[in-house]
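> File final_14.txt below, compact mmCIF, C-alpha atoms and all ligand atoms:
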# COMPACT_ATOMS: atom_id res chain seq x y z
CA MET A 159 12.74 -14.19 1.58
CA ILE A 160 11.22 -10.89 0.49
CA LYS A 161 13.74 -8.14 1.16
CA LYS A 162 12.55 -5.22 -0.96
CA ALA A 163 9.33 -3.31 -1.38
CA VAL A 164 8.19 -0.99 -4.14
CA LEU A 165 6.03 1.94 -3.07
CA PRO A 166 4.31 3.60 -6.04
CA ALA A 167 3.89 7.27 -5.11
CA ALA A 168 3.80 9.14 -8.39
CA GLY A 169 0.05 9.84 -8.54
CA LEU A 170 -1.14 13.43 -8.75
CA GLY A 171 -3.50 13.06 -5.79
CA THR A 172 -6.24 15.05 -7.50
CA ARG A 173 -8.90 13.64 -5.20
CA PHE A 174 -7.28 15.54 -2.33
CA LEU A 175 -6.97 18.93 -3.98
CA PRO A 176 -6.33 21.59 -2.87
CA ALA A 177 -4.23 19.86 -0.15
CA THR A 178 -2.15 18.13 -2.83
CA LYS A 179 -1.51 21.13 -5.06
CA ALA A 180 2.08 21.51 -3.83
CA SER A 181 2.43 18.61 -1.36
CA PRO A 182 2.42 14.88 -2.01
CA LYS A 183 -0.73 13.00 -1.12
CA GLU A 184 1.49 10.36 0.48
CA MET A 185 2.52 12.92 3.11
CA LEU A 186 -1.03 13.67 4.29
CA PRO A 187 -1.02 12.72 7.96
CA ILE A 188 -3.29 10.11 9.43
CA VAL A 189 -3.26 11.15 13.10
CA ASP A 190 0.43 12.21 13.21
CA LYS A 191 2.11 9.99 10.62
CA PRO A 192 2.24 10.51 6.87
CA MET A 193 0.11 7.99 4.98
CA ILE A 194 3.15 6.39 3.29
CA GLN A 195 4.80 5.64 6.63
CA TYR A 196 2.04 3.16 7.50
CA SER A 197 3.10 1.05 4.49
CA VAL A 198 6.78 1.38 5.40
CA GLU A 199 6.16 0.25 8.98
CA GLU A 200 3.97 -2.63 7.78
CA ALA A 201 6.74 -3.86 5.46
CA LYS A 202 9.43 -3.31 8.09
CA GLY A 203 7.42 -5.54 10.42
CA CYS A 204 7.86 -8.30 7.80
CA GLY A 205 11.67 -7.91 7.66
CA ILE A 206 11.74 -5.65 4.60
CA ASN A 207 14.39 -2.92 4.94
CA ASP A 208 14.87 -1.75 1.35
CA PHE A 209 12.32 0.52 -0.27
CA ILE A 210 12.07 1.74 -3.82
CA VAL A 211 9.73 4.70 -4.00
CA ILE A 212 8.35 5.63 -7.42
CA THR A 213 7.86 9.36 -7.38
CA GLY A 214 7.07 12.27 -9.66
CA LYS A 215 6.78 16.05 -9.53
CA ASN A 216 6.18 17.71 -6.13
CA LYS A 217 7.21 14.59 -4.21
CA ARG A 218 10.45 15.75 -2.63
CA ALA A 219 8.90 15.96 0.83
CA ILE A 220 8.80 12.13 0.83
CA GLU A 221 12.60 12.00 0.43
CA ASP A 222 13.07 14.54 3.20
CA HIS A 223 10.73 12.65 5.47
CA PHE A 224 12.71 9.40 5.30
CA ASP A 225 16.10 11.16 5.43
CA PHE A 226 18.28 11.44 8.54
CA ALA A 227 17.53 14.54 10.56
CA PRO A 228 20.60 15.03 12.81
CA GLU A 229 19.61 18.54 13.97
CA LEU A 230 16.16 17.36 14.97
CA VAL A 231 17.59 14.32 16.79
CA GLU A 232 20.07 16.58 18.66
CA TYR A 233 17.30 19.00 19.58
CA LEU A 234 15.04 16.25 20.91
CA LYS A 235 17.94 14.74 22.88
CA GLN A 236 18.67 18.09 24.50
CA LYS A 237 15.01 18.49 25.39
CA GLY A 238 15.00 14.94 26.79
CA ASN A 239 12.06 14.09 24.52
CA GLY A 240 12.56 10.32 24.39
CA ASP A 241 9.13 9.38 23.01
CA LEU A 242 9.54 11.52 19.91
CA LEU A 243 13.11 10.29 19.48
CA ASP A 244 11.82 6.70 19.54
CA GLU A 245 9.29 7.61 16.85
CA ILE A 246 12.01 9.06 14.63
CA ASP A 247 14.31 6.10 15.38
CA LYS A 248 11.71 3.71 13.90
CA MET A 249 13.02 4.52 10.43
CA LYS A 250 16.65 3.75 11.36
CA GLY A 251 18.32 1.04 9.34
CA LEU A 252 15.93 1.36 6.40
CA SER A 253 17.21 2.27 2.97
CA PHE A 254 15.25 4.26 0.41
CA ALA A 255 15.84 4.64 -3.30
CA TYR A 256 13.77 7.06 -5.34
CA ILE A 257 13.02 6.88 -9.00
CA ARG A 258 10.87 9.26 -10.99
CA GLN A 259 8.19 7.78 -13.18
CA GLY A 260 8.28 10.78 -15.51
CA LYS A 261 4.91 10.18 -17.10
CA PRO A 262 1.76 8.98 -15.29
CA LEU A 263 1.45 5.79 -17.36
CA GLY A 264 -0.15 3.63 -14.69
CA LEU A 265 0.70 1.15 -11.96
CA GLY A 266 2.27 -1.41 -14.32
CA HIS A 267 4.66 1.20 -15.67
CA ALA A 268 5.47 2.43 -12.13
CA ILE A 269 6.49 -1.12 -11.12
CA LEU A 270 8.60 -1.48 -14.27
CA CYS A 271 10.54 1.66 -13.25
CA ALA A 272 11.80 -0.24 -10.16
CA LYS A 273 13.39 -3.04 -12.21
CA PRO A 274 17.03 -1.83 -11.97
CA PHE A 275 16.79 -1.85 -8.14
CA LEU A 276 15.35 -5.33 -7.66
CA ASN A 277 18.29 -7.62 -8.51
CA ASN A 278 16.03 -10.12 -10.22
CA ALA A 279 14.45 -11.21 -6.91
CA SER A 280 10.81 -11.40 -5.80
CA PHE A 281 9.56 -8.25 -4.11
CA ALA A 282 6.56 -6.72 -2.36
CA VAL A 283 4.42 -3.87 -3.66
CA LEU A 284 2.42 -1.76 -1.22
CA LEU A 285 -0.07 0.80 -2.47
CA GLY A 286 -0.12 3.50 0.19
CA ASP A 287 -3.79 4.41 -0.33
CA ASP A 288 -4.72 1.07 1.17
CA ILE A 289 -4.07 1.32 4.87
CA ILE A 290 -4.13 -2.05 6.61
CA ASP A 291 -4.94 -2.04 10.30
CA PRO A 292 -1.50 -2.27 11.98
CA ASP A 293 -2.82 -5.12 14.19
CA ASP A 294 -3.52 -7.27 11.10
CA LYS A 295 -0.76 -9.34 9.53
CA LEU A 296 -1.79 -9.36 5.87
CA LEU A 297 1.62 -8.84 4.25
CA TYR A 298 3.29 -11.29 6.63
CA GLU A 299 0.71 -13.96 5.78
CA MET A 300 1.10 -13.30 2.04
CA ILE A 301 4.85 -13.78 2.38
CA GLN A 302 4.20 -17.15 4.06
CA VAL A 303 2.06 -18.21 1.08
CA HIS A 304 4.79 -17.01 -1.29
CA ASN A 305 7.48 -18.91 0.66
CA GLU A 306 5.41 -22.11 0.44
CA THR A 307 4.41 -21.80 -3.22
CA LYS A 308 7.28 -19.70 -4.67
CA ALA A 309 4.52 -18.01 -6.69
CA PRO A 310 3.27 -14.43 -6.92
CA VAL A 311 0.55 -13.62 -4.37
CA VAL A 312 -1.97 -10.78 -4.48
CA ALA A 313 -4.15 -9.60 -1.61
CA LEU A 314 -7.91 -9.98 -2.05
CA GLN A 315 -10.91 -8.59 -0.28
CA GLU A 316 -14.59 -9.18 -0.83
CA VAL A 317 -16.26 -5.97 -1.98
CA ALA A 318 -19.88 -5.01 -2.60
CA GLN A 319 -21.09 -5.73 -6.16
CA ALA A 320 -21.52 -1.98 -6.70
CA GLU A 321 -17.80 -1.46 -6.06
CA VAL A 322 -16.25 -4.05 -8.39
CA SER A 323 -15.67 -1.46 -11.12
CA ARG A 324 -13.14 0.32 -8.86
CA TYR A 325 -10.79 -2.67 -8.58
CA GLY A 326 -8.91 -5.45 -10.28
CA ILE A 327 -11.24 -8.46 -9.92
CA ILE A 328 -10.24 -12.13 -9.98
CA ASP A 329 -11.80 -15.39 -10.97
CA GLY A 330 -10.37 -18.24 -8.93
CA ASN A 331 -10.81 -21.31 -6.76
CA LEU A 332 -10.30 -21.50 -3.02
CA VAL A 333 -7.53 -24.06 -2.54
CA LYS A 334 -6.56 -23.83 1.11
CA GLY A 335 -7.51 -21.62 4.11
CA ASN A 336 -7.72 -18.10 2.69
CA THR A 337 -5.73 -18.91 -0.45
CA TYR A 338 -7.22 -18.85 -3.93
CA GLU A 339 -5.64 -20.15 -7.10
CA ILE A 340 -6.32 -17.41 -9.61
CA LYS A 341 -7.78 -18.33 -13.01
CA SER A 342 -7.98 -14.81 -14.49
CA LEU A 343 -7.92 -11.14 -13.55
CA VAL A 344 -9.67 -8.16 -15.05
CA GLU A 345 -9.04 -4.47 -14.30
CA LYS A 346 -12.08 -2.45 -13.22
CA PRO A 347 -14.80 -4.47 -14.97
CA PRO A 348 -18.35 -3.14 -15.30
CA THR A 349 -20.56 -4.58 -12.54
CA ASP A 350 -22.32 -7.05 -14.87
CA LYS A 351 -19.03 -8.36 -16.34
CA ALA A 352 -17.13 -8.99 -13.08
CA PRO A 353 -16.21 -12.67 -12.61
CA SER A 354 -16.60 -12.38 -8.81
CA ASN A 355 -16.61 -9.80 -6.03
CA LEU A 356 -13.04 -10.68 -5.01
CA ALA A 357 -11.08 -7.47 -5.46
CA VAL A 358 -7.32 -7.11 -5.61
CA ILE A 359 -6.26 -4.71 -2.86
CA GLY A 360 -2.97 -2.85 -2.65
CA ARG A 361 -0.56 -5.57 -1.50
CA TYR A 362 1.32 -7.80 -3.93
CA ILE A 363 4.24 -10.23 -3.79
CA LEU A 364 5.61 -10.30 -7.32
CA SER A 365 8.24 -12.38 -9.08
CA PRO A 366 10.85 -10.77 -11.36
CA ASP A 367 9.34 -12.38 -14.49
CA ILE A 368 6.54 -9.80 -14.34
CA MET A 369 9.05 -7.22 -15.61
CA ASP A 370 9.45 -8.67 -19.12
CA ILE A 371 5.67 -8.76 -19.48
CA LEU A 372 5.33 -5.17 -18.27
CA ALA A 373 8.01 -4.06 -20.73
CA ASP A 374 6.19 -5.67 -23.67
CA MET A 375 2.53 -5.02 -23.02
CA GLN A 376 -0.02 -2.58 -24.41
CA PRO A 377 -1.93 0.02 -22.36
CA GLY A 378 -5.23 -1.25 -20.93
CA ALA A 379 -8.10 0.30 -18.93
CA GLY A 380 -7.88 4.09 -18.80
CA GLY A 381 -5.05 4.05 -21.38
CA GLU A 382 -2.62 3.00 -18.61
CA TYR A 383 -0.21 0.08 -18.33
CA GLN A 384 -2.09 -2.10 -15.87
CA LEU A 385 -0.38 -4.45 -13.43
CA THR A 386 -3.60 -6.50 -13.47
CA ASP A 387 -3.22 -7.13 -17.23
CA ALA A 388 0.43 -8.15 -16.77
CA LEU A 389 -0.58 -10.65 -14.06
CA ASN A 390 -3.26 -12.01 -16.36
CA ILE A 391 -0.61 -12.64 -19.03
CA LEU A 392 1.77 -14.18 -16.46
CA LEU A 393 -0.98 -16.69 -15.58
CA SER A 394 -0.33 -18.51 -18.86
CA GLU A 395 3.19 -19.26 -17.60
CA ARG A 396 2.80 -19.90 -13.88
CA LYS A 397 0.40 -20.12 -10.96
CA ILE A 398 -0.61 -16.97 -9.10
CA TYR A 399 -2.35 -17.04 -5.74
CA GLY A 400 -4.77 -14.66 -4.09
CA TYR A 401 -4.84 -14.30 -0.31
CA LEU A 402 -8.23 -13.30 1.05
CA PHE A 403 -7.88 -10.62 3.70
CA LYS A 404 -10.60 -10.64 6.34
CA GLY A 405 -9.22 -7.83 8.51
CA LYS A 406 -9.66 -4.09 8.37
CA ARG A 407 -8.58 -2.04 5.34
CA TYR A 408 -9.13 1.65 4.78
CA ASP A 409 -9.26 3.14 1.30
CA ALA A 410 -7.43 6.30 2.33
CA GLY A 411 -7.31 7.43 -1.32
CA ASP A 412 -10.96 8.31 -0.84
CA LYS A 413 -11.78 11.22 1.46
CA LEU A 414 -14.37 9.37 3.52
CA GLY A 415 -12.02 6.36 3.83
CA PHE A 416 -9.26 8.74 4.90
CA LEU A 417 -11.48 10.20 7.63
CA LYS A 418 -12.51 6.74 8.84
CA ALA A 419 -8.85 5.67 9.00
CA THR A 420 -8.01 8.81 10.96
CA ILE A 421 -10.76 8.17 13.50
CA ASP A 422 -10.10 4.43 13.92
CA LEU A 423 -6.33 4.78 14.17
CA ALA A 424 -6.69 7.64 16.65
CA LEU A 425 -9.08 5.50 18.73
CA LYS A 426 -6.34 2.85 18.94
CA ARG A 427 -3.99 5.35 20.56
CA PRO A 428 -4.25 5.38 24.37
CA GLU A 429 -3.64 9.15 24.55
CA PHE A 430 -6.67 9.91 22.33
CA SER A 431 -9.08 7.02 22.74
CA ALA A 432 -11.09 8.14 25.80
CA GLY A 433 -11.35 11.80 24.77
CA LEU A 434 -12.17 11.04 21.14
CA LEU A 435 -14.77 8.43 22.06
CA GLU A 436 -16.42 10.86 24.45
CA TYR A 437 -16.52 13.47 21.69
CA ILE A 438 -17.96 11.01 19.15
CA ARG A 439 -20.68 9.98 21.63
CA MET A 440 -21.49 13.60 22.32
CA ILE A 441 -21.86 14.58 18.68
CA SER A 442 -23.80 11.44 17.76
CA ASN A 443 -26.29 12.20 20.54
CA ARG A 444 -26.73 15.61 19.02
CA LEU A 445 -27.55 14.22 15.55
C1 LIG B 501 -5.05 -0.19 -8.38
C2 LIG B 501 -5.04 -1.44 -9.24
C3 LIG B 501 -6.31 -2.25 -9.00
C4 LIG B 501 -6.45 -2.56 -7.52
C5 LIG B 501 -6.41 -1.26 -6.70
C6 LIG B 501 -6.36 -1.59 -5.21
O1 LIG B 501 -6.08 0.66 -8.85
O2 LIG B 501 -4.92 -1.08 -10.60
O3 LIG B 501 -6.27 -3.46 -9.72
O4 LIG B 501 -7.66 -3.25 -7.30
O5 LIG B 501 -5.23 -0.48 -7.00
O6 LIG B 501 -6.42 -0.43 -4.42
P1 LIG B 501 -6.17 2.22 -8.47
O7 LIG B 501 -6.80 2.28 -7.11
O8 LIG B 501 -4.76 2.75 -8.47
O9 LIG B 501 -7.02 2.84 -9.52
Could you write out this structure as structure tokens?
Ligand code: G1P

Amino acid sequence: MIKKAVLPAAGLGTRFLPATKASPKEMLPIVDKPMIQYSVEEAKGCGINDFIVITGKNKRAIEDHFDFAPELVEYLKQKGNGDLLDEIDKMKGLSFAYIRQGKPLGLGHAILCAKPFLNNASFAVLLGDDIIDPDDKLLYEMIQVHNETKAPVVALQEVAQAEVSRYGIIDGNLVKGNTYEIKSLVEKPPTDKAPSNLAVIGRYILSPDIMDILADMQPGAGGEYQLTDALNILLSERKIYGYLFKGKRYDAGDKLGFLKATIDLALKRPEFSAGLLEYIRMISNRL
């Protein structure tokens, strides 16, 4: 059973400046929910109630967001605003621990910071920039693969050859359904050196033995401690699986991806869909 999730949120968010000068990127709203809440709700839907958020400077708004807000709840009750109360209630029963990464030393180092909170059990990692369509069940399906194999599982997506240098890329063999047995991983390879176009996307089920490797390893691509490199080392000790995701993912760390996520997720909402669609049709006729 996977009970805990690590949410790395220490990045500086420079791609979203000036919006992220004083506010965390993770709090940028997609429709009316901060980006990070999509990951929390996705994990909650898989029975995960404990979150370890890796933060840094200027990230306090994340803590406030997931905190109890008794005055707000009282106010909404008095106003009889049940729908908004239900929205706020969604976070009830979840527990959040925050740990500061201190230095931006990369994803591998961020995960290592969570070690004291994980009680030596397997855990999920969700990278909030990758928004998975809430109707898809990627994390749930990865947990099923983990439960069957007892092995680490990373999410994969096919990407265009021109994009391989933006991701961790695997070499592997399809063994069953959407599941690959991974042979090797490489972080952000040049296009002509990539072993495939199967990219690791921001969902991982990791085993606690990754921590010793992370603690011992050298910095890799970009001078950062790379989770991809740690997984590559772990492969010499145990099997690791990749689960090919065929649903919809938005790279909300990229401005265009963020806008696409905003439009698609708003179109899924009954209160916006007709009006927004009408507006999109109108402007596309004008172009
Ligand atoms: C990180 C990982 C990379 C992975 C990507 C998925 O990179 O290092 O292996 O493919 O997330 O979004 P980042 O996007 O933080 O540079």
> How close does chain A get to ligand LIG 501 (chain B)? List, as a Markdown table, each residue of chain A within 10 Å, its nearest atom pair and the distance in Å to one decimal, counting only C-alpha atoms and all ligand atoms.

| residue | atom | partner | partner_atom | distance |
| --- | --- | --- | --- | --- |
| A:Pro166 | CA | B:LIG501 | O8 | 9.4 |
| A:Gly169 | CA | B:LIG501 | O8 | 8.6 |
| A:Gly264 | CA | B:LIG501 | O8 | 7.8 |
| A:Leu265 | CA | B:LIG501 | O2 | 6.2 |
| A:Gly266 | CA | B:LIG501 | O2 | 8.1 |
| A:Leu284 | CA | B:LIG501 | O6 | 9.5 |
| A:Leu285 | CA | B:LIG501 | O6 | 6.8 |
| A:Gly286 | CA | B:LIG501 | O6 | 8.7 |
| A:Asp287 | CA | B:LIG501 | O6 | 6.9 |
| A:Asp288 | CA | B:LIG501 | O6 | 6.0 |
| A:Ile289 | CA | B:LIG501 | O6 | 9.7 |
| A:Val312 | CA | B:LIG501 | C4 | 9.8 |
| A:Ala313 | CA | B:LIG501 | C6 | 9.1 |
| A:Leu314 | CA | B:LIG501 | O4 | 8.5 |
| A:Gln315 | CA | B:LIG501 | O4 | 9.4 |
| A:Val322 | CA | B:LIG501 | O4 | 8.7 |
| A:Ser323 | CA | B:LIG501 | O4 | 9.1 |
| A:Arg324 | CA | B:LIG501 | O9 | 6.7 |
| A:Tyr325 | CA | B:LIG501 | O4 | 3.4 |
| A:Gly326 | CA | B:LIG501 | O3 | 3.4 |
| A:Ile327 | CA | B:LIG501 | O4 | 6.8 |
| A:Ile328 | CA | B:LIG501 | O3 | 9.5 |
| A:Leu343 | CA | B:LIG501 | O3 | 8.7 |
| A:Val344 | CA | B:LIG501 | O3 | 7.9 |
| A:Glu345 | CA | B:LIG501 | O3 | 5.4 |
| A:Lys346 | CA | B:LIG501 | O3 | 6.9 |
| A:Leu356 | CA | B:LIG501 | O4 | 9.5 |
| A:Ala357 | CA | B:LIG501 | O4 | 5.7 |
| A:Val358 | CA | B:LIG501 | O4 | 4.2 |
| A:Ile359 | CA | B:LIG501 | C6 | 3.9 |
| A:Gly360 | CA | B:LIG501 | C6 | 4.4 |
| A:Arg361 | CA | B:LIG501 | C6 | 8.0 |
| A:Tyr362 | CA | B:LIG501 | C6 | 10.0 |
| A:Ala379 | CA | B:LIG501 | O2 | 9.0 |
| A:Gly380 | CA | B:LIG501 | O9 | 9.4 |
| A:Glu382 | CA | B:LIG501 | O2 | 9.3 |
| A:Tyr383 | CA | B:LIG501 | O2 | 9.1 |
| A:Gln384 | CA | B:LIG501 | O2 | 6.1 |
| A:Leu385 | CA | B:LIG501 | O2 | 6.3 |
| A:Thr386 | CA | B:LIG501 | O3 | 5.5 |
| A:Asp387 | CA | B:LIG501 | O3 | 8.9 |
| A:Tyr408 | CA | B:LIG501 | O6 | 9.8 |
| A:Asp409 | CA | B:LIG501 | O6 | 7.3 |
| A:Ala410 | CA | B:LIG501 | O6 | 9.6 |
| A:Gly411 | CA | B:LIG501 | O7 | 7.8 |
| A:Asp412 | CA | B:LIG501 | O7 | 9.6 |
> Determine the nearest neighbour of A:Ile290 from the options A:Met159, A:Val198, A:Leu175, A:Ala388, counting all atoms listed in the file.
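Smallest separation from A:Ile290 among the options: A:Val198.
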> Please enclose the listed atoms of stretch 217-223 of chain A in an axis-aligned box, pad each side by 5 Å, and write out the centre and the three edge lengths in Å, rounded to one decimal, as lines of an AutoDock Vina configuration file.

center_x = 10.1
center_y = 14.0
center_z = 0.6
size_x = 15.9
size_y = 14.0
size_z = 19.7
> Would you please work out which residue, of A:Ala255, A:Asp247, A:Lys162, A:Cys204, is nearest to A:Ile301 when using only C-alpha atoms?
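Of all the options, A:Cys204 lies closest to A:Ile301.
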> What's the separation between atom CA of A:Leu392 and atom CA of A:Ile371, in Å to one decimal place?
7.3 Å
> Could you tell me which of A:Asp190, A:Glu232, A:Asp329, A:Asp294 comes closest to A:Ser354 if we count all atoms listed in the file?
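For A:Ser354, the nearest of the given residues is A:Asp329.
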> Could you check which of A:Asn336, A:Ser365, A:Gln195, A:Thr213 is closest to A:Lys261, using only C-alpha atoms?
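Result for the nearest residue to A:Lys261: A:Thr213.
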> Tell me, in Å to one decimal, how far atom CA of A:Glu221 is from atom CA of A:Asp241.
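Pair atom CA of A:Glu221 / atom CA of A:Asp241 returns 23.0 Å.
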> For A:Ala177, which residue among A:His304, A:Lys334, A:Lys413, A:Lys341 is the nearest when counting all atoms listed in the file?
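Selected residue with least distance to A:Ala177: A:Lys413.
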> Figure out the distance between atom CA of A:Leu263 and atom CA of A:Gly381, please, to one decimal in Å.
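Going from atom CA of A:Gly381 over to atom CA of A:Leu263 covers 7.8 Å.
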> Using all atoms listed in the file, pick whichever of A:Val303, A:Lys235, A:Gly260, A:Leu445 has the shortest atom-to-atom distance to A:Leu170.
A:Gly260
> For A:Asp225, work out the shell of residues within 9 Å, counting all atoms listed in the file and skipping chain neighbours fewer than 5 positions away, then give it as a PyMOL selection string.
chain A and resi 220+249+254
> Do a neighbour search on A:Leu423 at 8 Å with only C-alpha atoms, toss out local chain neighbours closer than 5 positions, and write the hits as a ChimeraX atom specification.
/A:188-189,291
